[in-house]
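Shown next: query_32.pdb, containing PDB, C-alpha atoms.
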ATOM      1  CA  MET O   1      -4.974 -50.093  30.826  1.00  0.00           C
ATOM      2  CA  SER O   2      -8.212 -51.850  29.918  1.00  0.00           C
ATOM      3  CA  VAL O   3     -10.016 -51.578  26.599  1.00  0.00           C
ATOM      4  CA  ILE O   4     -12.731 -49.460  28.264  1.00  0.00           C
ATOM      5  CA  ASP O   5     -10.110 -47.056  29.709  1.00  0.00           C
ATOM      6  CA  THR O   6      -8.442 -46.771  26.291  1.00  0.00           C
ATOM      7  CA  ARG O   7     -11.774 -46.004  24.617  1.00  0.00           C
ATOM      8  CA  THR O   8     -12.548 -43.355  27.229  1.00  0.00           C
ATOM      9  CA  ALA O   9      -9.096 -41.773  26.784  1.00  0.00           C
ATOM     10  CA  VAL O  10      -9.537 -41.726  23.010  1.00  0.00           C
ATOM     11  CA  LYS O  11     -12.976 -40.068  23.393  1.00  0.00           C
ATOM     12  CA  HIS O  12     -11.484 -37.402  25.699  1.00  0.00           C
ATOM     13  CA  ILE O  13      -8.610 -36.748  23.311  1.00  0.00           C
ATOM     14  CA  ALA O  14     -11.028 -36.493  20.379  1.00  0.00           C
ATOM     15  CA  ALA O  15     -13.275 -34.118  22.326  1.00  0.00           C
ATOM     16  CA  PHE O  16     -10.291 -31.959  23.349  1.00  0.00           C
ATOM     17  CA  THR O  17      -9.005 -31.882  19.765  1.00  0.00           C
ATOM     18  CA  THR O  18     -12.443 -30.832  18.499  1.00  0.00           C
ATOM     19  CA  VAL O  19     -12.716 -28.060  21.114  1.00  0.00           C
ATOM     20  CA  ALA O  20      -9.160 -26.841  20.392  1.00  0.00           C
ATOM     21  CA  ALA O  21      -9.719 -26.861  16.625  1.00  0.00           C
ATOM     22  CA  THR O  22     -13.020 -25.007  17.021  1.00  0.00           C
ATOM     23  CA  ALA O  23     -11.381 -22.388  19.248  1.00  0.00           C
ATOM     24  CA  LEU O  24      -8.526 -21.931  16.773  1.00  0.00           C
ATOM     25  CA  LEU O  25     -10.950 -21.512  13.865  1.00  0.00           C
ATOM     26  CA  ALA O  26     -12.954 -18.972  15.878  1.00  0.00           C
ATOM     27  CA  ILE O  27      -9.804 -16.968  16.627  1.00  0.00           C
ATOM     28  CA  LEU O  28      -8.624 -17.072  13.018  1.00  0.00           C
ATOM     29  CA  GLY O  29     -12.105 -16.210  11.756  1.00  0.00           C
ATOM     30  CA  GLY O  30     -12.311 -13.261  14.148  1.00  0.00           C
ATOM     31  CA  ALA O  31      -8.917 -11.998  13.008  1.00  0.00           C
ATOM     32  CA  LEU O  32      -9.993 -12.314   9.373  1.00  0.00           C
ATOM     33  CA  LEU O  33     -13.253 -10.458  10.015  1.00  0.00           C
ATOM     34  CA  HIS O  34     -11.346  -7.724  11.873  1.00  0.00           C
ATOM     35  CA  ALA O  35      -8.901  -7.362   8.964  1.00  0.00           C
ATOM     36  CA  GLN O  36     -11.784  -7.307   6.477  1.00  0.00           C
ATOM     37  CA  GLY O  37     -13.513  -4.635   8.566  1.00  0.00           C
ATOM     38  CA  GLN O  38     -10.376  -2.507   8.559  1.00  0.00           C
ATOM     39  CA  ASP O  39      -9.979  -2.965   4.800  1.00  0.00           C
ATOM     40  CA  LYS O  40     -13.656  -2.100   4.255  1.00  0.00           C
ATOM     41  CA  GLU O  41     -13.203   1.084   6.296  1.00  0.00           C
ATOM     42  CA  LYS O  42      -9.914   1.980   4.583  1.00  0.00           C
ATOM     43  CA  TYR O  43     -11.286   1.327   1.118  1.00  0.00           C
ATOM     44  CA  SER O  44     -14.397   3.435   1.775  1.00  0.00           C
ATOM     45  CA  LEU O  45     -12.231   6.584   1.953  1.00  0.00           C
ATOM     46  CA  ARG O  46     -12.331   9.250  -0.744  1.00  0.00           C
ATOM     47  CA  SER O  47      -9.958  12.204  -1.081  1.00  0.00           C
ATOM     48  CA  PRO O  48     -11.264  15.794  -1.293  1.00  0.00           C
ATOM     49  CA  GLY O  49     -10.427  15.629  -5.012  1.00  0.00           C
ATOM     50  CA  GLY O  50     -12.629  12.553  -5.465  1.00  0.00           C
ATOM     51  CA  ILE O  51      -9.999   9.805  -5.616  1.00  0.00           C
ATOM     52  CA  ALA O  52     -11.221   6.614  -3.960  1.00  0.00           C
ATOM     53  CA  PHE O  53      -8.738   4.583  -1.939  1.00  0.00           C
ATOM     54  CA  SER O  54     -10.617   1.524  -3.220  1.00  0.00           C
ATOM     55  CA  ASP O  55      -9.205   2.265  -6.706  1.00  0.00           C
ATOM     56  CA  PHE O  56      -5.868   1.144  -5.259  1.00  0.00           C
ATOM     57  CA  ARG O  57      -7.138  -2.081  -3.673  1.00  0.00           C
ATOM     58  CA  GLY O  58      -4.325  -4.622  -3.526  1.00  0.00           C
ATOM     59  CA  TYR O  59      -1.515  -2.033  -3.609  1.00  0.00           C
ATOM     60  CA  GLU O  60       0.091  -3.863  -0.693  1.00  0.00           C
ATOM     61  CA  ASP O  61       1.138  -6.601  -3.137  1.00  0.00           C
ATOM     62  CA  TRP O  62       2.095  -4.481  -6.166  1.00  0.00           C
ATOM     63  CA  SER O  63       5.619  -4.623  -7.599  1.00  0.00           C
ATOM     64  CA  VAL O  64       8.280  -2.239  -6.382  1.00  0.00           C
ATOM     65  CA  VAL O  65       9.325   0.488  -8.811  1.00  0.00           C
ATOM     66  CA  SER O  66      11.886   2.313  -6.700  1.00  0.00           C
ATOM     67  CA  SER O  67      12.650   3.728  -3.285  1.00  0.00           C
ATOM     68  CA  ALA O  68      13.542   7.172  -2.000  1.00  0.00           C
ATOM     69  CA  ARG O  69      14.516   8.925   1.203  1.00  0.00           C
ATOM     70  CA  THR O  70      14.039  12.424   2.551  1.00  0.00           C
ATOM     71  CA  GLU O  71      14.983  13.695   5.996  1.00  0.00           C
ATOM     72  CA  GLU O  72      11.470  12.887   7.201  1.00  0.00           C
ATOM     73  CA  VAL O  73      10.443   9.696   5.400  1.00  0.00           C
ATOM     74  CA  LEU O  74      11.556   6.480   3.769  1.00  0.00           C
ATOM     75  CA  LYS O  75       9.541   5.744   0.632  1.00  0.00           C
ATOM     76  CA  VAL O  76       8.859   2.579  -1.293  1.00  0.00           C
ATOM     77  CA  ILE O  77       7.190   3.240  -4.621  1.00  0.00           C
ATOM     78  CA  VAL O  78       4.947   0.499  -6.013  1.00  0.00           C
ATOM     79  CA  ALA O  79       2.833   0.357  -9.180  1.00  0.00           C
ATOM     80  CA  ASN O  80      -0.098  -1.641 -10.468  1.00  0.00           C
ATOM     81  CA  PRO O  81       0.461  -4.327 -13.143  1.00  0.00           C
ATOM     82  CA  ALA O  82      -0.558  -1.990 -16.022  1.00  0.00           C
ATOM     83  CA  MET O  83       2.086   0.544 -15.034  1.00  0.00           C
ATOM     84  CA  ILE O  84       4.753  -2.108 -14.419  1.00  0.00           C
ATOM     85  CA  LYS O  85       4.057  -3.517 -17.901  1.00  0.00           C
ATOM     86  CA  ALA O  86       4.486  -0.015 -19.362  1.00  0.00           C
ATOM     87  CA  TYR O  87       7.744   0.526 -17.457  1.00  0.00           C
ATOM     88  CA  LYS O  88       9.078  -2.779 -18.801  1.00  0.00           C
ATOM     89  CA  ALA O  89       8.099  -1.687 -22.328  1.00  0.00           C
ATOM     90  CA  GLY O  90      10.264   1.421 -21.927  1.00  0.00           C
ATOM     91  CA  VAL O  91       7.742   4.057 -20.806  1.00  0.00           C
ATOM     92  CA  PRO O  92       8.411   6.919 -20.273  1.00  0.00           C
ATOM     93  CA  GLY O  93      11.961   6.781 -21.683  1.00  0.00           C
ATOM     94  CA  ASN O  94      10.624   5.745 -25.087  1.00  0.00           C
ATOM     95  CA  GLY O  95       8.589   8.963 -25.317  1.00  0.00           C
ATOM     96  CA  GLN O  96       5.286   7.198 -24.739  1.00  0.00           C
ATOM     97  CA  PRO O  97       2.956   8.155 -21.883  1.00  0.00           C
ATOM     98  CA  PHE O  98       1.772   5.699 -19.279  1.00  0.00           C
ATOM     99  CA  PRO O  99      -1.518   4.059 -20.276  1.00  0.00           C
ATOM    100  CA  GLN O 100      -4.871   5.017 -18.814  1.00  0.00           C
ATOM    101  CA  GLY O 101      -5.441   3.107 -15.582  1.00  0.00           C
ATOM    102  CA  SER O 102      -1.793   3.262 -14.502  1.00  0.00           C
ATOM    103  CA  MET O 103      -1.493   3.653 -10.741  1.00  0.00           C
ATOM    104  CA  ILE O 104       1.445   4.303  -8.463  1.00  0.00           C
ATOM    105  CA  VAL O 105       1.632   4.500  -4.668  1.00  0.00           C
ATOM    106  CA  LYS O 106       4.389   5.989  -2.537  1.00  0.00           C
ATOM    107  CA  LEU O 107       4.333   4.147   0.787  1.00  0.00           C
ATOM    108  CA  GLN O 108       5.955   6.387   3.382  1.00  0.00           C
ATOM    109  CA  TRP O 109       7.410   5.517   6.784  1.00  0.00           C
ATOM    110  CA  LYS O 110       9.085   7.554   9.482  1.00  0.00           C
ATOM    111  CA  PRO O 111      12.665   6.202   9.610  1.00  0.00           C
ATOM    112  CA  LYS O 112      14.589   4.954  12.618  1.00  0.00           C
ATOM    113  CA  LYS O 113      18.116   3.693  13.152  1.00  0.00           C
ATOM    114  CA  SER O 114      18.343  -0.077  13.207  1.00  0.00           C
ATOM    115  CA  THR O 115      19.325  -1.396  16.612  1.00  0.00           C
ATOM    116  CA  GLU O 116      20.010  -4.861  15.219  1.00  0.00           C
ATOM    117  CA  ALA O 117      22.166  -4.362  12.132  1.00  0.00           C
ATOM    118  CA  PRO O 118      25.937  -4.426  12.724  1.00  0.00           C
ATOM    119  CA  PHE O 119      26.221  -1.297  10.533  1.00  0.00           C
ATOM    120  CA  LYS O 120      24.474   2.087  10.328  1.00  0.00           C
ATOM    121  CA  VAL O 121      21.193   1.781   8.518  1.00  0.00           C
ATOM    122  CA  ASP O 122      17.797   3.454   8.651  1.00  0.00           C
ATOM    123  CA  VAL O 123      14.779   1.158   8.586  1.00  0.00           C
ATOM    124  CA  PRO O 124      11.041   1.865   8.486  1.00  0.00           C
ATOM    125  CA  ASP O 125       9.467   2.691  11.830  1.00  0.00           C
ATOM    126  CA  VAL O 126       5.926   4.082  11.888  1.00  0.00           C
ATOM    127  CA  PHE O 127       3.915   3.990   8.666  1.00  0.00           C
ATOM    128  CA  LYS O 128       2.827   7.560   7.831  1.00  0.00           C
ATOM    129  CA  GLN O 129       0.904   7.681   4.561  1.00  0.00           C
ATOM    130  CA  ALA O 130       0.106   6.407   1.123  1.00  0.00           C
ATOM    131  CA  PHE O 131       0.547   9.055  -1.596  1.00  0.00           C
ATOM    132  CA  VAL O 132      -1.388   7.809  -4.629  1.00  0.00           C
ATOM    133  CA  MET O 133      -1.546   8.754  -8.298  1.00  0.00           C
ATOM    134  CA  GLU O 134      -3.838   7.408 -10.985  1.00  0.00           C
ATOM    135  CA  LYS O 135      -3.871   8.052 -14.721  1.00  0.00           C
ATOM    136  CA  ASP O 136      -7.301   9.007 -16.048  1.00  0.00           C
ATOM    137  CA  SER O 137      -7.117  11.789 -18.632  1.00  0.00           C
ATOM    138  CA  LYS O 138     -10.898  12.225 -18.734  1.00  0.00           C
ATOM    139  CA  ARG O 139     -11.161  12.824 -14.975  1.00  0.00           C
ATOM    140  CA  PHE O 140      -7.920  14.805 -14.622  1.00  0.00           C
ATOM    141  CA  PRO O 141      -7.392  16.719 -17.913  1.00  0.00           C
ATOM    142  CA  LYS O 142      -5.858  19.783 -16.219  1.00  0.00           C
ATOM    143  CA  THR O 143      -3.117  17.830 -14.453  1.00  0.00           C
ATOM    144  CA  GLY O 144      -1.501  15.895 -17.273  1.00  0.00           C
ATOM    145  CA  GLY O 145      -4.049  13.110 -16.885  1.00  0.00           C
ATOM    146  CA  TRP O 146      -2.971  12.279 -13.327  1.00  0.00           C
ATOM    147  CA  GLY O 147      -5.032  12.491 -10.151  1.00  0.00           C
ATOM    148  CA  TYR O 148      -3.274  12.803  -6.804  1.00  0.00           C
ATOM    149  CA  ALA O 149      -4.340  12.013  -3.235  1.00  0.00           C
ATOM    150  CA  VAL O 150      -2.829  11.375   0.171  1.00  0.00           C
ATOM    151  CA  PHE O 151      -4.200   8.926   2.718  1.00  0.00           C
ATOM    152  CA  ASN O 152      -2.634   9.431   6.145  1.00  0.00           C
ATOM    153  CA  TYR O 153      -2.230   6.590   8.612  1.00  0.00           C
ATOM    154  CA  ASP O 154      -2.618   7.023  12.369  1.00  0.00           C
ATOM    155  CA  ALA O 155      -0.799   4.226  14.198  1.00  0.00           C
ATOM    156  CA  ALA O 156      -2.538   4.936  17.523  1.00  0.00           C
ATOM    157  CA  SER O 157      -5.988   4.266  16.066  1.00  0.00           C
ATOM    158  CA  ASP O 158      -4.775   1.888  13.322  1.00  0.00           C
ATOM    159  CA  LYS O 159      -6.841   3.877  10.813  1.00  0.00           C
ATOM    160  CA  PHE O 160      -6.366   5.691   7.529  1.00  0.00           C
ATOM    161  CA  ALA O 161      -7.908   9.071   6.695  1.00  0.00           C
ATOM    162  CA  ALA O 162      -7.967  11.114   3.514  1.00  0.00           C
ATOM    163  CA  ASP O 163      -5.720  14.147   3.886  1.00  0.00           C
ATOM    164  CA  PRO O 164      -8.115  17.119   3.754  1.00  0.00           C
ATOM    165  CA  GLU O 165      -5.368  19.483   2.569  1.00  0.00           C
ATOM    166  CA  ALA O 166      -4.218  17.315  -0.354  1.00  0.00           C
ATOM    167  CA  LEU O 167      -6.164  18.363  -3.431  1.00  0.00           C
ATOM    168  CA  GLN O 168      -6.421  16.211  -6.546  1.00  0.00           C
ATOM    169  CA  ASP O 169      -3.799  18.361  -8.269  1.00  0.00           C
ATOM    170  CA  CYS O 170      -1.501  18.790  -5.254  1.00  0.00           C
ATOM    171  CA  GLY O 171       1.228  16.737  -6.826  1.00  0.00           C
ATOM    172  CA  HIS O 172       0.943  18.271 -10.281  1.00  0.00           C
ATOM    173  CA  SER O 173       2.695  21.558  -9.537  1.00  0.00           C
ATOM    174  CA  CYS O 174       5.543  19.587  -8.036  1.00  0.00           C
ATOM    175  CA  HIS O 175       5.513  16.974 -10.810  1.00  0.00           C
ATOM    176  CA  VAL O 176       5.698  19.561 -13.617  1.00  0.00           C
ATOM    177  CA  ALA O 177       9.496  19.270 -13.347  1.00  0.00           C
ATOM    178  CA  VAL O 178       9.169  15.775 -14.851  1.00  0.00           C
ATOM    179  CA  LYS O 179       6.492  16.541 -17.460  1.00  0.00           C
ATOM    180  CA  ALA O 180       8.689  14.944 -20.152  1.00  0.00           C
ATOM    181  CA  LYS O 181       8.545  11.722 -18.111  1.00  0.00           C
ATOM    182  CA  ASP O 182       4.752  11.814 -17.968  1.00  0.00           C
ATOM    183  CA  TYR O 183       4.928  13.502 -14.537  1.00  0.00           C
ATOM    184  CA  ILE O 184       6.595  10.514 -12.851  1.00  0.00           C
ATOM    185  CA  PHE O 185       9.763  11.066 -10.812  1.00  0.00           C
ATOM    186  CA  HIS O 186      10.775   7.479 -10.219  1.00  0.00           C
ATOM    187  CA  PRO O 187      12.142   5.266 -12.960  1.00  0.00           C
ATOM    188  CA  TYR O 188      11.745   1.518 -12.788  1.00  0.00           C
ATOM    189  CA  GLN O 189      14.999   0.516 -11.062  1.00  0.00           C
ATOM    190  CA  LYS O 190      17.316  -2.141 -12.454  1.00  0.00           C
ATOM    191  CA  ARG O 191      17.311  -5.313 -10.385  1.00  0.00           C
TER     192      ARG O 191
END

Could you take the file, read its structure, and then write that structure out as structure tokens?
Amino acid sequence: MSVIDTRTAVKHIAAFTTVAATALLAILGGALLHAQGQDKEKYSLRSPGGIAFSDFRGYEDWSVVSSARTEEVLKVIVANPAMIKAYKAGVPGNGQPFPQGSMIVKLQWKPKKSTEAPFKVDVPDVFKQAFVMEKDSKRFPKTGGWGYAVFNYDAASDKFAADPEALQDCGHSCHVAVKAKDYIFHPYQKR
């Protein structure tokens, strides 16, 4: 191969690499913009009781508190850093309430039997909803300082929607059973 042929080959390789890198960046950028658009739409939601989903921004990365299972759903319960700090300090077992700004989210999936595990186990299938609670005694004085909301997820449309039947105090009547635990069912689980 002559020097001229080598230079031409190098130019073609460089051009191809530039085109490929540009295409990859365009694809990644498009995916990022799509994800940001979905987050913008999700975080623009507000429950009938006035709770904004944007108050819970970042919940996807919050620490796990506990898990639970009913016949219909598998739940993973996560909390924001303020609430995790309170749990680690002994709240509510130490008789203290959770601090203002504490937030907890119950992420709920429809379960399915694992087809891969060599033993019987249910695993998450379709994501169903995010049940959220936030501590703000000024906004929610009639419900022990907690506001409640449900944001349903529709897998077919890949969109969230505020549950129109879930009022800001919908969880309070249920949570009264754990009033002594500042209306929180789930303790921070040992790990």

To verify the selection step, state as a count of residues only which residues the PyMOL selection byres ((chain O and resi 152-167) around 10) yields on this input. 33

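The smallest atom-to-atom distance between O:Asp125 and any of O:Arg191, O:Arg139, O:Lys112, O:Lys106, using only C-alpha atoms, is found for O:Lys112.
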
Would you compute an axis-aligned box for stretch 180-190 of chain O, covering every atom listed for it in the file with 5 Å of margin on each side, and report centre and edge lengths in Å to one decimal as JSON?
{"center_x": 11.0, "center_y": 6.4, "center_z": -15.2, "size_x": 22.6, "size_y": 27.1, "size_z": 19.9}

Hey, which of O:Glu71, O:Gly93, O:Val105, O:Pro99 ends up closest to O:Arg57? Count only C-alpha atoms. O:Val105

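For the atom pair formed by atom CA of O:Lys142 and atom CA of O:Gly90, the distance is 25.1 Å, given to one decimal.
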
Please report the interatomic distance between atom CA of O:Asp55 and atom CA of O:Gly145 in Å with one decimal. 15.7 Å

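Going from atom CA of O:Glu60 over to atom CA of O:Val78, you cover 8.4 Å.
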
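Residues matched by the PyMOL selection byres ((chain O and resi 73) around 7) in this file are Arg69, Thr70, Glu71, Glu72, Leu74, Lys75, Gln108, Trp109, Lys110 and Pro111 of chain O.
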
Selection under test: the PyMOL selection byres ((chain O and resi 65) around 6); residues as a ChimeraX atom specification: /O:64,66,77-78,188

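Between O:Met103 and the candidates O:Lys88, O:Ala68, O:Trp62, O:Phe140, the tightest atom-to-atom separation, counting all atoms listed in the file, involves O:Trp62.
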